[in-house]
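Student: Take a look at data_5.pdb, PDB, C-alpha atoms and all ligand atoms:
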```pdb
ATOM      1  CA  MET H1269      52.950  61.204 104.594  1.00  0.00           C
ATOM      2  CA  GLY H1270      50.104  62.869 102.715  1.00  0.00           C
ATOM      3  CA  PHE H1271      48.437  59.546 101.994  1.00  0.00           C
ATOM      4  CA  ALA H1272      48.842  58.401 105.625  1.00  0.00           C
ATOM      5  CA  ILE H1273      47.359  61.660 106.952  1.00  0.00           C
ATOM      6  CA  ALA H1274      44.467  61.501 104.461  1.00  0.00           C
ATOM      7  CA  GLU H1275      43.751  57.904 105.500  1.00  0.00           C
ATOM      8  CA  ALA H1276      43.868  58.697 109.232  1.00  0.00           C
ATOM      9  CA  ALA H1277      41.530  61.692 108.825  1.00  0.00           C
ATOM     10  CA  ALA H1278      39.054  59.768 106.635  1.00  0.00           C
ATOM     11  CA  LYS H1279      38.950  56.906 109.171  1.00  0.00           C
ATOM     12  CA  ARG H1280      37.755  59.411 111.763  1.00  0.00           C
ATOM     13  CA  GLY H1281      34.971  60.534 109.472  1.00  0.00           C
ATOM     14  CA  ALA H1282      36.511  63.673 107.959  1.00  0.00           C
ATOM     15  CA  LYS H1283      35.622  64.632 104.398  1.00  0.00           C
ATOM     16  CA  VAL H1284      39.086  64.522 102.832  1.00  0.00           C
ATOM     17  CA  THR H1285      40.367  65.850  99.518  1.00  0.00           C
ATOM     18  CA  LEU H1286      43.857  64.622  98.648  1.00  0.00           C
ATOM     19  CA  VAL H1287      45.710  66.726  96.074  1.00  0.00           C
ATOM     20  CA  SER H1288      48.499  64.490  94.868  1.00  0.00           C
ATOM     21  CA  GLY H1289      51.407  64.725  92.494  1.00  0.00           C
ATOM     22  CA  PRO H1290      52.320  61.692  90.359  1.00  0.00           C
ATOM     23  CA  VAL H1291      52.958  58.871  92.856  1.00  0.00           C
ATOM     24  CA  ASN H1292      52.350  55.141  92.707  1.00  0.00           C
ATOM     25  CA  LEU H1293      50.077  54.862  95.757  1.00  0.00           C
ATOM     26  CA  ASN H1294      46.470  53.730  96.113  1.00  0.00           C
ATOM     27  CA  THR H1295      43.878  56.259  97.191  1.00  0.00           C
ATOM     28  CA  PRO H1296      42.771  55.503 100.786  1.00  0.00           C
ATOM     29  CA  ASP H1297      39.117  54.466 101.254  1.00  0.00           C
ATOM     30  CA  GLY H1298      36.689  57.333 101.506  1.00  0.00           C
ATOM     31  CA  VAL H1299      39.188  59.925 100.245  1.00  0.00           C
ATOM     32  CA  SER H1300      38.500  61.977  97.133  1.00  0.00           C
ATOM     33  CA  ARG H1301      41.681  62.484  95.134  1.00  0.00           C
ATOM     34  CA  ILE H1302      42.679  65.150  92.627  1.00  0.00           C
ATOM     35  CA  ASN H1303      45.815  64.372  90.622  1.00  0.00           C
ATOM     36  CA  VAL H1304      48.146  67.180  89.609  1.00  0.00           C
ATOM     37  CA  GLU H1305      51.342  67.218  87.582  1.00  0.00           C
ATOM     38  CA  SER H1306      53.114  70.441  88.452  1.00  0.00           C
ATOM     39  CA  ALA H1307      53.561  72.895  91.307  1.00  0.00           C
ATOM     40  CA  GLN H1308      51.455  75.476  89.452  1.00  0.00           C
ATOM     41  CA  ASN H1309      48.747  72.869  88.904  1.00  0.00           C
ATOM     42  CA  MET H1310      48.841  71.998  92.630  1.00  0.00           C
ATOM     43  CA  TYR H1311      48.639  75.697  93.558  1.00  0.00           C
ATOM     44  CA  ASP H1312      45.604  76.289  91.280  1.00  0.00           C
ATOM     45  CA  THR H1313      43.806  73.195  92.604  1.00  0.00           C
ATOM     46  CA  VAL H1314      44.525  73.947  96.265  1.00  0.00           C
ATOM     47  CA  MET H1315      43.447  77.590  95.916  1.00  0.00           C
ATOM     48  CA  ASP H1316      40.162  76.412  94.319  1.00  0.00           C
ATOM     49  CA  GLU H1317      39.518  73.902  97.099  1.00  0.00           C
ATOM     50  CA  ALA H1318      40.908  75.573 100.238  1.00  0.00           C
ATOM     51  CA  ALA H1319      37.906  77.703 101.213  1.00  0.00           C
ATOM     52  CA  ASN H1320      35.695  74.585 101.219  1.00  0.00           C
ATOM     53  CA  HIS H1321      37.847  72.865 103.839  1.00  0.00           C
ATOM     54  CA  THR H1322      38.378  73.638 107.522  1.00  0.00           C
ATOM     55  CA  ILE H1323      41.913  72.227 107.727  1.00  0.00           C
ATOM     56  CA  PHE H1324      44.715  72.279 105.139  1.00  0.00           C
ATOM     57  CA  VAL H1325      47.804  70.095 105.574  1.00  0.00           C
ATOM     58  CA  ALA H1326      50.697  70.814 103.195  1.00  0.00           C
ATOM     59  CA  CYS H1327      53.186  67.975 103.161  1.00  0.00           C
ATOM     60  CA  ALA H1328      54.150  67.834  99.485  1.00  0.00           C
ATOM     61  CA  ALA H1329      57.818  68.470  98.741  1.00  0.00           C
ATOM     62  CA  VAL H1330      57.004  71.133  96.166  1.00  0.00           C
ATOM     63  CA  ALA H1331      59.760  72.233  93.795  1.00  0.00           C
ATOM     64  CA  ASP H1332      60.789  75.781  94.658  1.00  0.00           C
ATOM     65  CA  PHE H1333      61.594  76.638  91.021  1.00  0.00           C
ATOM     66  CA  ARG H1334      60.410  75.595  87.561  1.00  0.00           C
ATOM     67  CA  PRO H1335      61.883  76.151  84.088  1.00  0.00           C
ATOM     68  CA  ALA H1336      60.855  79.543  82.708  1.00  0.00           C
ATOM     69  CA  GLU H1337      60.093  77.940  79.325  1.00  0.00           C
ATOM     70  CA  VAL H1338      59.091  74.414  78.407  1.00  0.00           C
ATOM     71  CA  ALA H1339      60.308  73.247  74.992  1.00  0.00           C
ATOM     72  CA  SER H1340      57.658  71.737  72.771  1.00  0.00           C
ATOM     73  CA  GLN H1341      60.260  69.785  70.781  1.00  0.00           C
ATOM     74  CA  LYS H1342      63.388  67.869  71.760  1.00  0.00           C
ATOM     75  CA  MET H1343      66.203  70.302  72.627  1.00  0.00           C
ATOM     76  CA  LYS H1344      69.052  69.387  70.262  1.00  0.00           C
ATOM     77  CA  LYS H1345      72.749  69.589  71.119  1.00  0.00           C
ATOM     78  CA  LYS H1346      74.596  72.384  69.392  1.00  0.00           C
ATOM     79  CA  ASP H1347      78.032  71.788  67.852  1.00  0.00           C
ATOM     80  CA  GLY H1348      80.779  73.477  69.863  1.00  0.00           C
ATOM     81  CA  LYS H1349      78.533  74.182  72.887  1.00  0.00           C
ATOM     82  CA  ASP H1350      79.489  72.165  75.947  1.00  0.00           C
ATOM     83  CA  ASP H1351      77.194  73.817  78.432  1.00  0.00           C
ATOM     84  CA  MET H1352      73.531  74.651  78.612  1.00  0.00           C
ATOM     85  CA  HIS H1353      71.640  77.038  80.884  1.00  0.00           C
ATOM     86  CA  ILE H1354      68.041  76.685  81.896  1.00  0.00           C
ATOM     87  CA  GLU H1355      66.378  79.746  83.377  1.00  0.00           C
ATOM     88  CA  LEU H1356      64.306  78.972  86.472  1.00  0.00           C
ATOM     89  CA  VAL H1357      61.481  81.004  87.964  1.00  0.00           C
ATOM     90  CA  LYS H1358      60.042  80.667  91.459  1.00  0.00           C
ATOM     91  CA  ASN H1359      56.921  78.588  92.036  1.00  0.00           C
ATOM     92  CA  PRO H1360      54.157  80.067  94.195  1.00  0.00           C
ATOM     93  CA  ASP H1361      54.345  79.041  97.858  1.00  0.00           C
ATOM     94  CA  ILE H1362      51.120  77.071  98.235  1.00  0.00           C
ATOM     95  CA  VAL H1363      50.940  76.784 102.024  1.00  0.00           C
ATOM     96  CA  ALA H1364      51.841  80.465 102.550  1.00  0.00           C
ATOM     97  CA  SER H1365      49.152  81.453 100.025  1.00  0.00           C
ATOM     98  CA  VAL H1366      46.499  79.439 101.876  1.00  0.00           C
ATOM     99  CA  ALA H1367      47.649  80.875 105.219  1.00  0.00           C
ATOM    100  CA  ALA H1368      47.322  84.380 103.745  1.00  0.00           C
ATOM    101  CA  MET H1369      43.669  83.885 102.749  1.00  0.00           C
ATOM    102  CA  THR H1370      41.401  86.483 104.291  1.00  0.00           C
ATOM    103  CA  ASP H1371      38.026  84.740 103.810  1.00  0.00           C
ATOM    104  CA  ASP H1372      37.332  81.168 104.937  1.00  0.00           C
ATOM    105  CA  ARG H1373      40.990  80.595 105.782  1.00  0.00           C
ATOM    106  CA  PRO H1374      41.491  76.961 106.843  1.00  0.00           C
ATOM    107  CA  PHE H1375      43.574  75.970 109.894  1.00  0.00           C
ATOM    108  CA  THR H1376      46.894  75.673 108.084  1.00  0.00           C
ATOM    109  CA  VAL H1377      49.541  73.039 108.764  1.00  0.00           C
ATOM    110  CA  GLY H1378      52.948  72.978 107.062  1.00  0.00           C
ATOM    111  CA  PHE H1379      55.947  70.677 107.059  1.00  0.00           C
ATOM    112  CA  ALA H1380      59.620  71.554 107.391  1.00  0.00           C
ATOM    113  CA  ALA H1381      62.333  69.138 106.292  1.00  0.00           C
ATOM    114  CA  GLU H1382      65.507  70.239 108.059  1.00  0.00           C
ATOM    115  CA  THR H1383      69.021  68.861 108.557  1.00  0.00           C
ATOM    116  CA  GLN H1384      70.199  71.077 111.440  1.00  0.00           C
ATOM    117  CA  ASP H1385      68.888  73.556 114.039  1.00  0.00           C
ATOM    118  CA  VAL H1386      65.474  71.988 113.504  1.00  0.00           C
ATOM    119  CA  GLU H1387      63.511  74.022 116.072  1.00  0.00           C
ATOM    120  CA  GLN H1388      64.974  77.354 115.045  1.00  0.00           C
ATOM    121  CA  TYR H1389      64.323  76.835 111.321  1.00  0.00           C
ATOM    122  CA  ALA H1390      60.887  75.298 111.871  1.00  0.00           C
ATOM    123  CA  ARG H1391      59.750  78.152 114.138  1.00  0.00           C
ATOM    124  CA  ARG H1392      61.058  80.691 111.650  1.00  0.00           C
ATOM    125  CA  LYS H1393      58.980  79.017 108.917  1.00  0.00           C
ATOM    126  CA  LEU H1394      55.906  78.818 111.177  1.00  0.00           C
ATOM    127  CA  GLU H1395      56.059  82.571 111.667  1.00  0.00           C
ATOM    128  CA  LYS H1396      57.135  83.612 108.169  1.00  0.00           C
ATOM    129  CA  LYS H1397      54.403  81.597 106.456  1.00  0.00           C
ATOM    130  CA  ASN H1398      51.826  82.478 109.141  1.00  0.00           C
ATOM    131  CA  LEU H1399      51.003  78.814 109.855  1.00  0.00           C
ATOM    132  CA  ASP H1400      48.991  77.406 112.765  1.00  0.00           C
ATOM    133  CA  LEU H1401      51.231  74.359 113.111  1.00  0.00           C
ATOM    134  CA  ILE H1402      54.466  73.112 111.583  1.00  0.00           C
ATOM    135  CA  CYS H1403      55.663  69.504 111.529  1.00  0.00           C
ATOM    136  CA  ALA H1404      59.436  69.366 111.489  1.00  0.00           C
ATOM    137  CA  ASN H1405      61.231  66.403 110.015  1.00  0.00           C
ATOM    138  CA  ASP H1406      64.936  65.855 110.651  1.00  0.00           C
ATOM    139  CA  VAL H1407      65.903  64.452 107.251  1.00  0.00           C
ATOM    140  CA  SER H1408      69.574  64.068 108.230  1.00  0.00           C
ATOM    141  CA  VAL H1409      68.577  60.979 110.279  1.00  0.00           C
ATOM    142  CA  GLN H1410      68.807  57.767 108.221  1.00  0.00           C
ATOM    143  CA  GLY H1411      65.760  55.513 107.938  1.00  0.00           C
ATOM    144  CA  GLN H1412      63.023  58.108 108.271  1.00  0.00           C
ATOM    145  CA  GLY H1413      61.258  60.691 106.143  1.00  0.00           C
ATOM    146  CA  PHE H1414      61.972  60.624 102.404  1.00  0.00           C
ATOM    147  CA  ASN H1415      62.019  57.159 100.795  1.00  0.00           C
ATOM    148  CA  SER H1416      61.186  55.423 104.039  1.00  0.00           C
ATOM    149  CA  ASP H1417      58.019  53.892 105.498  1.00  0.00           C
ATOM    150  CA  GLN H1418      58.912  55.361 108.883  1.00  0.00           C
ATOM    151  CA  ASN H1419      59.066  58.870 110.191  1.00  0.00           C
ATOM    152  CA  SER H1420      59.278  60.952 113.340  1.00  0.00           C
ATOM    153  CA  LEU H1421      58.075  64.526 113.715  1.00  0.00           C
ATOM    154  CA  HIS H1422      58.499  67.438 116.052  1.00  0.00           C
ATOM    155  CA  LEU H1423      55.429  69.658 116.059  1.00  0.00           C
ATOM    156  CA  PHE H1424      55.715  73.379 116.795  1.00  0.00           C
ATOM    157  CA  TRP H1425      52.872  75.833 117.164  1.00  0.00           C
ATOM    158  CA  PRO H1426      52.942  79.390 118.495  1.00  0.00           C
ATOM    159  CA  LYS H1427      52.382  78.374 122.126  1.00  0.00           C
ATOM    160  CA  GLY H1428      53.885  74.902 122.348  1.00  0.00           C
ATOM    161  CA  ASP H1429      55.587  71.887 120.863  1.00  0.00           C
ATOM    162  CA  LYS H1430      55.388  68.109 120.938  1.00  0.00           C
ATOM    163  CA  ALA H1431      57.581  65.282 119.654  1.00  0.00           C
ATOM    164  CA  ILE H1432      56.058  62.299 117.857  1.00  0.00           C
ATOM    165  CA  PRO H1433      58.723  59.554 118.058  1.00  0.00           C
ATOM    166  CA  LEU H1434      59.766  57.174 115.273  1.00  0.00           C
ATOM    167  CA  ALA H1435      56.910  55.014 114.014  1.00  0.00           C
ATOM    168  CA  SER H1436      55.346  53.846 110.760  1.00  0.00           C
ATOM    169  CA  LYS H1437      53.988  56.645 108.562  1.00  0.00           C
ATOM    170  CA  GLN H1438      50.477  55.244 109.221  1.00  0.00           C
ATOM    171  CA  GLU H1439      50.949  55.654 112.957  1.00  0.00           C
ATOM    172  CA  ILE H1440      52.544  59.089 112.584  1.00  0.00           C
ATOM    173  CA  GLY H1441      49.598  60.132 110.397  1.00  0.00           C
ATOM    174  CA  ASP H1442      47.188  58.959 113.077  1.00  0.00           C
ATOM    175  CA  ARG H1443      49.032  60.757 115.899  1.00  0.00           C
ATOM    176  CA  LEU H1444      49.296  63.914 113.815  1.00  0.00           C
ATOM    177  CA  VAL H1445      45.570  63.954 113.041  1.00  0.00           C
ATOM    178  CA  SER H1446      44.890  63.678 116.816  1.00  0.00           C
ATOM    179  CA  GLU H1447      47.188  66.622 117.563  1.00  0.00           C
ATOM    180  CA  ILE H1448      45.673  68.712 114.762  1.00  0.00           C
ATOM    181  CA  HIS H1449      42.195  67.925 116.090  1.00  0.00           C
ATOM    182  CA  THR H1450      43.148  69.028 119.618  1.00  0.00           C
ATOM    183  CA  LEU H1451      44.763  72.266 118.440  1.00  0.00           C
ATOM    184  CA  TYR H1452      41.968  73.026 115.956  1.00  0.00           C
ATOM    185  CA  CYS H1453      39.278  72.533 118.621  1.00  0.00           C
ATOM    186  CA  GLY H1454      41.238  74.712 121.056  1.00  0.00           C
ATOM    187  CA  ASN H1455      41.180  77.593 118.586  1.00  0.00           C
TER     188      ASN H1455
HETATM  189  O1  LIG P   1      60.089  76.685 102.638  1.00  0.00           O
HETATM  190  P1  LIG P   1      59.995  75.185 102.618  1.00  0.00           P
HETATM  191  O2  LIG P   1      59.892  74.615 101.218  1.00  0.00           O
HETATM  192  O3  LIG P   1      61.041  74.477 103.427  1.00  0.00           O
HETATM  193  O4  LIG P   1      58.628  74.900 103.368  1.00  0.00           O
HETATM  194  C1  LIG P   1      58.058  73.626 103.420  1.00  0.00           C
HETATM  195  C2  LIG P   1      56.555  73.758 103.506  1.00  0.00           C
HETATM  196  O5  LIG P   1      56.089  74.614 102.477  1.00  0.00           O
HETATM  197  C3  LIG P   1      55.869  72.424 103.286  1.00  0.00           C
HETATM  198  O6  LIG P   1      54.647  72.443 104.028  1.00  0.00           O
HETATM  199  C4  LIG P   1      55.601  72.439 101.772  1.00  0.00           C
HETATM  200  O7  LIG P   1      54.524  71.591 101.427  1.00  0.00           O
HETATM  201  C5  LIG P   1      55.257  73.908 101.550  1.00  0.00           C
HETATM  202  N1  LIG P   1      55.563  74.456 100.217  1.00  0.00           N
HETATM  203  C6  LIG P   1      54.512  74.941  99.444  1.00  0.00           C
HETATM  204  N2  LIG P   1      54.765  75.487  98.214  1.00  0.00           N
HETATM  205  C7  LIG P   1      56.017  75.582  97.740  1.00  0.00           C
HETATM  206  C8  LIG P   1      57.114  75.100  98.521  1.00  0.00           C
HETATM  207  C9  LIG P   1      56.834  74.543  99.755  1.00  0.00           C
HETATM  208  O8  LIG P   1      53.346  74.850  99.883  1.00  0.00           O
HETATM  209  N3  LIG P   1      56.223  76.133  96.545  1.00  0.00           N
END
```
Kindly return the structure encoded in the file as structure tokens.
Ligand code: C5P

Tutor:
Amino acid sequence: MGFAIAEAAAKRGAKVTLVSGPVNLNTPDGVSRINVESAQNMYDTVMDEAANHTIFVACAAVADFRPAEVASQKMKKKDGKDDMHIELVKNPDIVASVAAMTDDRPFTVGFAAETQDVEQYARRKLEKKNLDLICANDVSVQGQGFNSDQNSLHLFWPKGDKAIPLASKQEIGDRLVSEIHTLYCGN
């Protein structure tokens, strides 16, 4: 979705920076791309860039936790030990951190992948993370969202909502950029 949104925004003349994890996708024309490898790396990059942009769209499925320690050598099996425990620590919440900026805060758009009670959970996230708009994805429906070229979204913002029905991710990206533009201009 991130690549489709970046492409749709660039086609309308926006100056777009795409912060991307390791994916096998071509950078859309006119988009400047920064590659990152970890959630922390994405957080650092986004926090450096955010104040220079008027709109921030967070659609990466960021890992909530990361290993507390990263081994520099192969971790060997130990005789007689049949289990292994890896301590995890929480990653920073990137979209909530951008939404909490006090200076030059961009209009902040988040995503919510849900499997049930989509509106309730999405609205809760909108409020908790102090977002301007949230794009809810029902990932329990086959053939859309993760690992699919198609998607449908339900947008929620403090004073309204709108459904974007099933379509290619390109088309969804285009529709979403239109909705963001309307809401941003109405601010
Ligand atoms: O809380 P949850 O992970 O369901 O929220 C999803 C939204 O939060 C998405 O916009 C996702 O990109 C963003 N997110 C983030 N940083 C994290 C985890 C999620 O920006 N560490």

Student: Exactly which residues make up the result of the PyMOL selection byres (((not hetatm)) within 6 of (chain P and resi 1)) on this file, given as a VMD selection string?

Tutor: chain H and resid 1326 to 1332 1359 to 1363 1378 to 1380

Student: Residue by residue, what does the PyMOL selection byres (((chain H and resi 1311-1324) around 9) and not hetatm) grab here? Present the result as number ranges by chain.

Tutor: H: 1283-1285, 1287, 1302, 1304, 1306-1310, 1325-1326, 1359-1363, 1365-1366, 1369, 1371-1378, 1448, 1452

Student: Just the residues within 7 Å of Asn1419 (chain H), please, counting all atoms listed in the file, with nothing from its chain fewer than 4 positions along; format it as a list in words.

Tutor: Gln1412, Gly1413, Leu1434, Ala1435, Ser1436, Lys1437 and Ile1440 of chain H

Student: My list of candidates is H:Cys1403, H:Lys1358, H:Ser1300, H:Ala1274. Which is closest to Ala1381 (chain H) when distances are computed with only C-alpha atoms?

Tutor: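 Of H:Cys1403, H:Lys1358, H:Ser1300, H:Ala1274, the one nearest Ala1381 (chain H), counting only C-alpha atoms, is H:Cys1403.
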
Student: What does the distance from CA of Phe1271 (chain H) to CA of Ala1368 (chain H) come to in Å, to one decimal?

Tutor: 24.9 Å

Student: Which one of H:Ser1446, H:Asp1417, H:Ala1390, H:Gly1441 sits closest to Asp1429 (chain H) if you count only C-alpha atoms?

Tutor: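 For Asp1429 (chain H), the nearest of the given residues is H:Ala1390.
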